[in-house]
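S.K.: Have a look at this one before I ask anything.
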Amino acid sequence: MIKLKNINKQFQKNHVLKGIDLDVEKGDVLVIVGPSGSGKTTLLRCINYLERPDEGSITIDGFTVQGKHPSKRDVLVLRRKTAMVFQHYNLFKNKTVLENVSEGLVVAKKIPKKDAKEIGVSLLEKVGLGEKLNEYPSQLSGGQQQRVGIARALALNPSVILFDEPTSALDPEMVGEVLTIMKQIANEGITMVVVTHEIDFAREVANRVVFMDGGHIIEQGPPEEVLIHPQHERTKRFLKRLVKEPDYMI
Ligand SMILES: Nc1ncnc2c1ncn2[C@@H]1O[C@H](COP(=O)(O)OP(=O)(O)OP(=O)(O)O)[C@@H](O)[C@H]1O
Ligand SMILES: [Mg+2]
């Protein structure tokens with residue numbers, strides 16, 4: 001469903017993605033892990049051309065965009081097949097919770113206001129925020145704001161939702177509520193690509209885990225292989241830092 005071929009990206013002399021090939025199937029929950037600076041965010045942003053790869057192609061649902069200079073229209077078509085959930089939520093501060101979710105539908109999808117509102121209300125209820133429709137982001141906790149971010153992504157009904165460390169800006173007591181919602185939507189069969197350091201989430205919810213380091217995919221496979229019985233030295237070293245000893249075996 002999503003196919004990345006030979007994605008290369010350089011920031012000046014910093015070669016950040018070095019020929020990434022990756023396939024994501026419909027309904028996959030793919031978790032990307034790796035050390036800071038390994039290129040995880042850049043890769044995620046290349047999937048919807050928020051970052052332009054220097055080389056390579058991205059195909060989503062049979063629609064391909066390639067190289068550094070695609071047409072604006074092609075980028076837009078590709079982008080509309082995705083939705084992104086950001087580490088810092090990226091909500092509009094001067095819009096209500098409901099407007100944050102429904103306005104994208106009116107603007108991008110040309111859905112009538114009344115219908116967009118209905119969709120927004122039902123999704124906000126789904127993420128447990130039915131009582132907060134008319135509040136502003138600043139009146140919500142971090143966990144609640146991120147749940148608005150997830151409702152906004154769901155509203156777009158994308159082929160894939162891209163999550164970039166959705167819980168890493170949250171106080172520890174709020175991480176659980178966001179992961180619970182993510183688990184719930186994963187169980188509904190929504191295709192998700194998730195960059196996260198939440199190894200327990202990856203083990204429980206992912207069906208595939210990719211370990212990246214230095215702009216390469218070092219290893220990928222089911223969580224029980226990559227996270228519990230990693231083959232590569234670099235993966236072992238990375239996990240050792242994240243996970244307490246007895247949780248994985250060399
Ligand atoms: N817009 C940019 N301009 C210049 N360099 C960038 C830009 N974005 C990322 N980089 C560089 O690319 C490299 C990979 O960054 P990226 O953010 O993709 O890593 P990451 O794996 O997401 O790290 P983290 O776990 O810290 O979020 C880093 O060296 C970073 O400094
Ligand atoms: Mg990152």
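For the structure tokens, the naming scheme is as follows: chains receive sequential letters (A, B, ...) according to their order of presentation, residues are indexed from 1 within each chain, and ligands are indexed from 1 in presentation order.
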For ligand 1, return the neighbouring residues as a ChimeraX atom specification (distance at most 6 Å; only C-alpha atoms and all ligand atoms).
M.R.: /A:11,16,35-42
S.K.: Go ahead and save the residues from that selection, with C-alpha atoms, as a short mmCIF file (atom, residue, chain, number, x, y, z; two decimals), in the first residue's frame.
M.R.:
data_model
loop_
_atom_site.label_atom_id
_atom_site.label_comp_id
_atom_site.auth_asym_id
_atom_site.auth_seq_id
_atom_site.Cartn_x
_atom_site.Cartn_y
_atom_site.Cartn_z
CA PHE A 11 20.85 18.45 4.51
CA VAL A 16 20.49 11.73 6.58
CA PRO A 35 18.75 6.59 18.17
CA SER A 36 18.38 10.35 18.07
CA GLY A 37 19.51 11.74 14.74
CA SER A 38 19.13 8.46 12.87
CA GLY A 39 16.64 10.01 10.45
CA LYS A 40 13.29 8.78 11.78
CA THR A 41 11.50 12.13 11.62
CA THR A 42 13.02 12.94 8.25
#
S.K.: What's around stretch 181-198 of chain A at 7 Å? Count only C-alpha atoms, leave out sequence neighbours fewer than 4 positions away in its own chain, and write the answer as a PyMOL selection string.
M.R.: chain A and resi 26-33+40+127+159-165+177+202+205
S.K.: Of the candidates A:Ile217, A:Gln144, A:Glu125, A:Ile60, which one gets nearest to A:Asn6 if we count only C-alpha atoms?
M.R.: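 Looking only at the distances to A:Asn6, the closest residue turns out to be A:Ile217.
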S.K.: Once DSSP has gone over the backbone, tell me which residues of stretch 1-215 of chain A are in helix (DSSP H, G or I), as number ranges by chain.
M.R.: A: 40-47, 72-79, 97-108, 113-126, 137-139, 142-155, 172-187, 199-205
S.K.: Please produce a file of the residues just selected, as a PDB file, in the first residue's frame, where the atoms kept are C-alpha atoms.
M.R.:
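Saved to part18.pdb:
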ATOM      1  CA  LYS A  40      13.289   8.776  11.777  1.00  0.00           C
ATOM      2  CA  THR A  41      11.498  12.126  11.620  1.00  0.00           C
ATOM      3  CA  THR A  42      13.019  12.936   8.253  1.00  0.00           C
ATOM      4  CA  LEU A  43      11.819   9.620   6.868  1.00  0.00           C
ATOM      5  CA  LEU A  44       8.309  10.155   8.214  1.00  0.00           C
ATOM      6  CA  ARG A  45       8.221  13.660   6.726  1.00  0.00           C
ATOM      7  CA  CYS A  46       9.403  12.345   3.377  1.00  0.00           C
ATOM      8  CA  ILE A  47       6.398  10.005   3.230  1.00  0.00           C
ATOM      9  CA  LYS A  72       2.531  20.892  -6.470  1.00  0.00           C
ATOM     10  CA  ARG A  73      -0.568  19.021  -7.471  1.00  0.00           C
ATOM     11  CA  ASP A  74       1.103  15.630  -7.143  1.00  0.00           C
ATOM     12  CA  VAL A  75       2.429  16.545  -3.707  1.00  0.00           C
ATOM     13  CA  LEU A  76      -1.041  17.618  -2.661  1.00  0.00           C
ATOM     14  CA  VAL A  77      -2.619  14.395  -3.897  1.00  0.00           C
ATOM     15  CA  LEU A  78      -0.014  12.362  -2.023  1.00  0.00           C
ATOM     16  CA  ARG A  79      -0.300  14.450   1.120  1.00  0.00           C
ATOM     17  CA  VAL A  97     -11.254  21.767  19.909  1.00  0.00           C
ATOM     18  CA  LEU A  98     -14.115  21.021  17.532  1.00  0.00           C
ATOM     19  CA  GLU A  99     -12.910  23.571  14.967  1.00  0.00           C
ATOM     20  CA  ASN A 100      -9.449  22.038  15.092  1.00  0.00           C
ATOM     21  CA  VAL A 101     -10.923  18.721  14.018  1.00  0.00           C
ATOM     22  CA  SER A 102     -13.650  19.814  11.621  1.00  0.00           C
ATOM     23  CA  GLU A 103     -12.095  22.706   9.736  1.00  0.00           C
ATOM     24  CA  GLY A 104      -9.664  20.566   7.789  1.00  0.00           C
ATOM     25  CA  LEU A 105     -12.665  18.718   6.423  1.00  0.00           C
ATOM     26  CA  VAL A 106     -14.321  21.899   5.231  1.00  0.00           C
ATOM     27  CA  VAL A 107     -11.155  23.332   3.703  1.00  0.00           C
ATOM     28  CA  ALA A 108      -9.367  20.275   2.330  1.00  0.00           C
ATOM     29  CA  LYS A 113     -19.800  22.652   7.613  1.00  0.00           C
ATOM     30  CA  LYS A 114     -22.687  20.870   9.271  1.00  0.00           C
ATOM     31  CA  ASP A 115     -21.468  17.417   8.236  1.00  0.00           C
ATOM     32  CA  ALA A 116     -17.887  18.274   9.184  1.00  0.00           C
ATOM     33  CA  LYS A 117     -19.109  19.285  12.604  1.00  0.00           C
ATOM     34  CA  GLU A 118     -20.945  15.998  13.044  1.00  0.00           C
ATOM     35  CA  ILE A 119     -17.865  14.013  12.074  1.00  0.00           C
ATOM     36  CA  GLY A 120     -15.787  16.125  14.452  1.00  0.00           C
ATOM     37  CA  VAL A 121     -18.160  15.573  17.354  1.00  0.00           C
ATOM     38  CA  SER A 122     -18.257  11.820  16.851  1.00  0.00           C
ATOM     39  CA  LEU A 123     -14.458  11.544  16.614  1.00  0.00           C
ATOM     40  CA  LEU A 124     -13.948  13.715  19.661  1.00  0.00           C
ATOM     41  CA  GLU A 125     -16.372  11.509  21.547  1.00  0.00           C
ATOM     42  CA  LYS A 126     -14.389   8.533  20.368  1.00  0.00           C
ATOM     43  CA  PRO A 137      -6.261  23.930  23.289  1.00  0.00           C
ATOM     44  CA  SER A 138      -4.702  25.982  26.106  1.00  0.00           C
ATOM     45  CA  GLN A 139      -7.496  24.796  28.403  1.00  0.00           C
ATOM     46  CA  GLY A 142      -1.108  17.674  26.971  1.00  0.00           C
ATOM     47  CA  GLY A 143      -2.705  14.244  26.754  1.00  0.00           C
ATOM     48  CA  GLN A 144      -6.044  15.787  25.828  1.00  0.00           C
ATOM     49  CA  GLN A 145      -4.429  18.012  23.206  1.00  0.00           C
ATOM     50  CA  GLN A 146      -2.741  15.028  21.649  1.00  0.00           C
ATOM     51  CA  ARG A 147      -6.069  13.190  21.561  1.00  0.00           C
ATOM     52  CA  VAL A 148      -7.452  16.175  19.625  1.00  0.00           C
ATOM     53  CA  GLY A 149      -4.484  15.750  17.277  1.00  0.00           C
ATOM     54  CA  ILE A 150      -5.436  12.121  16.779  1.00  0.00           C
ATOM     55  CA  ALA A 151      -9.113  12.968  16.203  1.00  0.00           C
ATOM     56  CA  ARG A 152      -8.035  15.549  13.622  1.00  0.00           C
ATOM     57  CA  ALA A 153      -5.940  12.943  11.829  1.00  0.00           C
ATOM     58  CA  LEU A 154      -8.788  10.420  11.880  1.00  0.00           C
ATOM     59  CA  ALA A 155     -11.214  13.008  10.497  1.00  0.00           C
ATOM     60  CA  PRO A 172       4.321  10.383  32.237  1.00  0.00           C
ATOM     61  CA  GLU A 173       0.824  10.139  33.673  1.00  0.00           C
ATOM     62  CA  MET A 174      -0.668  11.188  30.334  1.00  0.00           C
ATOM     63  CA  VAL A 175       1.223   8.800  28.111  1.00  0.00           C
ATOM     64  CA  GLY A 176      -1.154   5.918  28.832  1.00  0.00           C
ATOM     65  CA  GLU A 177      -4.323   7.683  27.693  1.00  0.00           C
ATOM     66  CA  VAL A 178      -2.781   8.531  24.325  1.00  0.00           C
ATOM     67  CA  LEU A 179      -1.368   5.042  23.804  1.00  0.00           C
ATOM     68  CA  THR A 180      -4.767   3.578  24.658  1.00  0.00           C
ATOM     69  CA  ILE A 181      -6.403   5.598  21.882  1.00  0.00           C
ATOM     70  CA  MET A 182      -3.639   4.614  19.468  1.00  0.00           C
ATOM     71  CA  LYS A 183      -4.145   0.977  20.356  1.00  0.00           C
ATOM     72  CA  GLN A 184      -7.856   1.322  19.811  1.00  0.00           C
ATOM     73  CA  ILE A 185      -7.442   2.746  16.313  1.00  0.00           C
ATOM     74  CA  ALA A 186      -4.788   0.163  15.477  1.00  0.00           C
ATOM     75  CA  ASN A 187      -7.338  -2.508  16.356  1.00  0.00           C
ATOM     76  CA  ILE A 199       8.911  -0.206  23.467  1.00  0.00           C
ATOM     77  CA  ASP A 200       6.021  -1.813  25.339  1.00  0.00           C
ATOM     78  CA  PHE A 201       3.590  -0.237  22.900  1.00  0.00           C
ATOM     79  CA  ALA A 202       5.701  -1.482  19.996  1.00  0.00           C
ATOM     80  CA  ARG A 203       5.744  -4.995  21.390  1.00  0.00           C
ATOM     81  CA  GLU A 204       2.062  -5.106  22.033  1.00  0.00           C
ATOM     82  CA  VAL A 205       0.573  -3.209  19.113  1.00  0.00           C
TER      83      VAL A 205
END
S.K.: Could you check which of A:Gly19, A:Pro166, A:Pro230, A:Gly62 is closest to ligand 2, using only C-alpha atoms and all ligand atoms?
M.R.: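 Selected residue with least distance to ligand 2: A:Pro166.
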S.K.: Counting only C-alpha atoms and all ligand atoms, which residue out of A:Met84, A:Lys68, A:Ser168, A:Gly128 sits closest to ligand 2?
M.R.: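 The answer is A:Ser168, which sits nearest to ligand 2.
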S.K.: Can you pull out every residue within 8 Å of A:Glu219, counting only C-alpha atoms, but drop anything in the same chain fewer than 3 positions away, and send it as a ChimeraX atom specification?
M.R.: /A:210-212,226,231-232,235
S.K.: Using the selection just defined, write its residues with N, CA and C atoms as an mmCIF file, in the first residue's frame.
M.R.:
data_model
loop_
_atom_site.group_PDB
_atom_site.id
_atom_site.type_symbol
_atom_site.label_atom_id
_atom_site.label_comp_id
_atom_site.auth_asym_id
_atom_site.auth_seq_id
_atom_site.Cartn_x
_atom_site.Cartn_y
_atom_site.Cartn_z
ATOM 1 N N VAL A 210 10.785 -1.437 12.662
ATOM 2 C CA VAL A 210 11.963 -1.097 11.867
ATOM 3 C C VAL A 210 12.965 -0.433 12.799
ATOM 4 N N PHE A 211 14.194 -0.906 12.780
ATOM 5 C CA PHE A 211 15.247 -0.226 13.539
ATOM 6 C C PHE A 211 16.131 0.533 12.561
ATOM 7 N N MET A 212 16.230 1.850 12.786
ATOM 8 C CA MET A 212 17.067 2.703 11.920
ATOM 9 C C MET A 212 18.287 3.182 12.669
ATOM 10 N N VAL A 226 12.681 -8.269 16.282
ATOM 11 C CA VAL A 226 13.548 -7.088 16.340
ATOM 12 C C VAL A 226 13.764 -6.622 17.782
ATOM 13 N N GLN A 231 19.094 -9.218 15.831
ATOM 14 C CA GLN A 231 20.218 -9.913 15.206
ATOM 15 C C GLN A 231 21.469 -9.036 15.152
ATOM 16 N N HIS A 232 21.235 -7.730 15.032
ATOM 17 C CA HIS A 232 22.376 -6.857 14.766
ATOM 18 C C HIS A 232 22.908 -6.211 16.036
ATOM 19 N N THR A 235 21.354 -2.864 16.976
ATOM 20 C CA THR A 235 20.011 -2.954 17.563
ATOM 21 C C THR A 235 20.131 -3.371 19.024
#
S.K.: My list of candidates is A:Glu135, A:Asp61, A:Asp54, A:Glu225. Which is closest to A:Lys3 when distances are computed with only C-alpha atoms?
M.R.: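 Smallest separation from A:Lys3 among the options: A:Asp61.
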S.K.: List every residue of stretch 62-245 of chain A that DSSP, applied to the backbone, labels as strand (DSSP E or B), and write the result as a ChimeraX atom specification.
M.R.: /A:63-66,82-85,160-164,192-195,208-213,216-221
S.K.: Go ahead and save the residues from that selection, with N, CA, C and O atoms, as a short mmCIF file (atom, residue, chain, number, x, y, z; two decimals), in the first residue's frame.
M.R.:
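Saved to again.cif:
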data_model
loop_
_atom_site.label_atom_id
_atom_site.label_comp_id
_atom_site.auth_asym_id
_atom_site.auth_seq_id
_atom_site.Cartn_x
_atom_site.Cartn_y
_atom_site.Cartn_z
N PHE A 63 -0.45 5.64 -6.13
CA PHE A 63 -0.08 6.97 -6.65
C PHE A 63 1.37 7.27 -6.28
O PHE A 63 1.73 7.24 -5.10
N THR A 64 2.18 7.54 -7.30
CA THR A 64 3.62 7.69 -7.06
C THR A 64 4.09 9.13 -7.25
O THR A 64 3.69 9.81 -8.20
N VAL A 65 4.91 9.58 -6.31
CA VAL A 65 5.58 10.87 -6.45
C VAL A 65 7.07 10.60 -6.32
O VAL A 65 7.49 9.84 -5.45
N GLN A 66 7.86 11.19 -7.22
CA GLN A 66 9.29 10.90 -7.10
C GLN A 66 10.16 12.12 -7.26
O GLN A 66 9.76 13.13 -7.85
N THR A 82 -2.43 11.05 3.53
CA THR A 82 -1.80 10.85 4.84
C THR A 82 -2.36 11.86 5.84
O THR A 82 -2.94 12.87 5.45
N ALA A 83 -2.16 11.56 7.11
CA ALA A 83 -2.39 12.57 8.14
C ALA A 83 -1.27 12.40 9.14
O ALA A 83 -0.72 11.30 9.28
N MET A 84 -0.92 13.47 9.82
CA MET A 84 0.23 13.38 10.71
C MET A 84 -0.16 13.80 12.12
O MET A 84 -0.93 14.72 12.33
N VAL A 85 0.37 13.06 13.07
CA VAL A 85 0.22 13.42 14.48
C VAL A 85 1.61 13.80 14.98
O VAL A 85 2.54 13.01 14.88
N VAL A 160 -3.10 6.43 5.57
CA VAL A 160 -2.14 6.12 6.63
C VAL A 160 -2.02 7.31 7.58
O VAL A 160 -2.09 8.46 7.16
N ILE A 161 -1.89 7.00 8.86
CA ILE A 161 -1.60 8.06 9.84
C ILE A 161 -0.14 7.93 10.27
O ILE A 161 0.30 6.84 10.64
N LEU A 162 0.58 9.04 10.18
CA LEU A 162 1.99 9.07 10.55
C LEU A 162 2.12 9.73 11.92
O LEU A 162 1.63 10.85 12.12
N PHE A 163 2.72 9.04 12.85
CA PHE A 163 2.87 9.57 14.22
C PHE A 163 4.36 9.81 14.48
O PHE A 163 5.16 8.88 14.38
N ASP A 164 4.71 11.04 14.86
CA ASP A 164 6.11 11.29 15.21
C ASP A 164 6.24 11.53 16.72
O ASP A 164 5.94 12.60 17.21
N MET A 192 -0.89 2.51 10.28
CA MET A 192 -0.17 3.49 11.10
C MET A 192 1.34 3.30 10.97
O MET A 192 1.82 2.17 10.99
N VAL A 193 2.05 4.41 10.83
CA VAL A 193 3.51 4.38 10.92
C VAL A 193 3.87 5.26 12.12
O VAL A 193 3.51 6.44 12.14
N VAL A 194 4.52 4.67 13.11
CA VAL A 194 4.69 5.34 14.40
C VAL A 194 6.17 5.38 14.78
O VAL A 194 6.79 4.33 14.95
N VAL A 195 6.70 6.58 14.92
CA VAL A 195 8.03 6.72 15.51
C VAL A 195 7.82 6.89 17.01
O VAL A 195 7.10 7.79 17.44
N ARG A 208 4.97 -4.80 12.86
CA ARG A 208 6.32 -4.76 12.29
C ARG A 208 7.11 -3.63 12.94
O ARG A 208 6.57 -2.55 13.20
N VAL A 209 8.37 -3.90 13.18
CA VAL A 209 9.24 -2.90 13.78
C VAL A 209 10.45 -2.70 12.86
O VAL A 209 11.01 -3.67 12.34
N VAL A 210 10.78 -1.44 12.66
CA VAL A 210 11.96 -1.10 11.87
C VAL A 210 12.97 -0.43 12.80
O VAL A 210 12.61 0.48 13.53
N PHE A 211 14.19 -0.91 12.78
CA PHE A 211 15.25 -0.23 13.54
C PHE A 211 16.13 0.53 12.56
O PHE A 211 16.67 -0.05 11.62
N MET A 212 16.23 1.85 12.79
CA MET A 212 17.07 2.70 11.92
C MET A 212 18.29 3.18 12.67
O MET A 212 18.21 3.49 13.86
N ASP A 213 19.37 3.30 11.95
CA ASP A 213 20.56 3.94 12.53
C ASP A 213 21.38 4.52 11.38
O ASP A 213 21.53 3.87 10.34
N HIS A 216 20.13 4.37 7.72
CA HIS A 216 19.85 3.06 7.13
C HIS A 216 18.80 2.33 7.96
O HIS A 216 18.73 2.52 9.17
N ILE A 217 18.05 1.45 7.29
CA ILE A 217 17.27 0.48 8.04
C ILE A 217 18.22 -0.68 8.35
O ILE A 217 18.73 -1.34 7.45
N ILE A 218 18.46 -0.88 9.63
CA ILE A 218 19.42 -1.91 10.03
C ILE A 218 18.75 -3.27 10.09
O ILE A 218 19.30 -4.28 9.69
N GLU A 219 17.52 -3.25 10.63
CA GLU A 219 16.80 -4.52 10.68
C GLU A 219 15.31 -4.26 10.81
O GLU A 219 14.90 -3.22 11.32
N GLN A 220 14.52 -5.17 10.30
CA GLN A 220 13.06 -5.03 10.43
C GLN A 220 12.42 -6.40 10.50
O GLN A 220 12.96 -7.38 10.02
N GLY A 221 11.25 -6.44 11.14
CA GLY A 221 10.56 -7.71 11.29
C GLY A 221 9.50 -7.58 12.36
O GLY A 221 9.23 -6.48 12.85
#
S.K.: Between atom CA of A:Gly214 and atom CA of A:Lys81, what is the distance in Å, rounded to a tenth?
M.R.: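 These atoms are spaced 28.1 Å apart.
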S.K.: Hey, which of A:Arg80, A:Lys13, A:Lys18, A:His88 ends up closest to ligand 2? Count only C-alpha atoms and all ligand atoms.
M.R.: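 Once distances to ligand 2 are computed over only C-alpha atoms and all ligand atoms, the minimum belongs to A:His88.
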S.K.: Which residue out of A:Ile2, A:Leu129, A:Ala169, A:Leu91 has the minimum interatomic distance to ligand 2 when only C-alpha atoms and all ligand atoms are used?
M.R.: A:Ala169
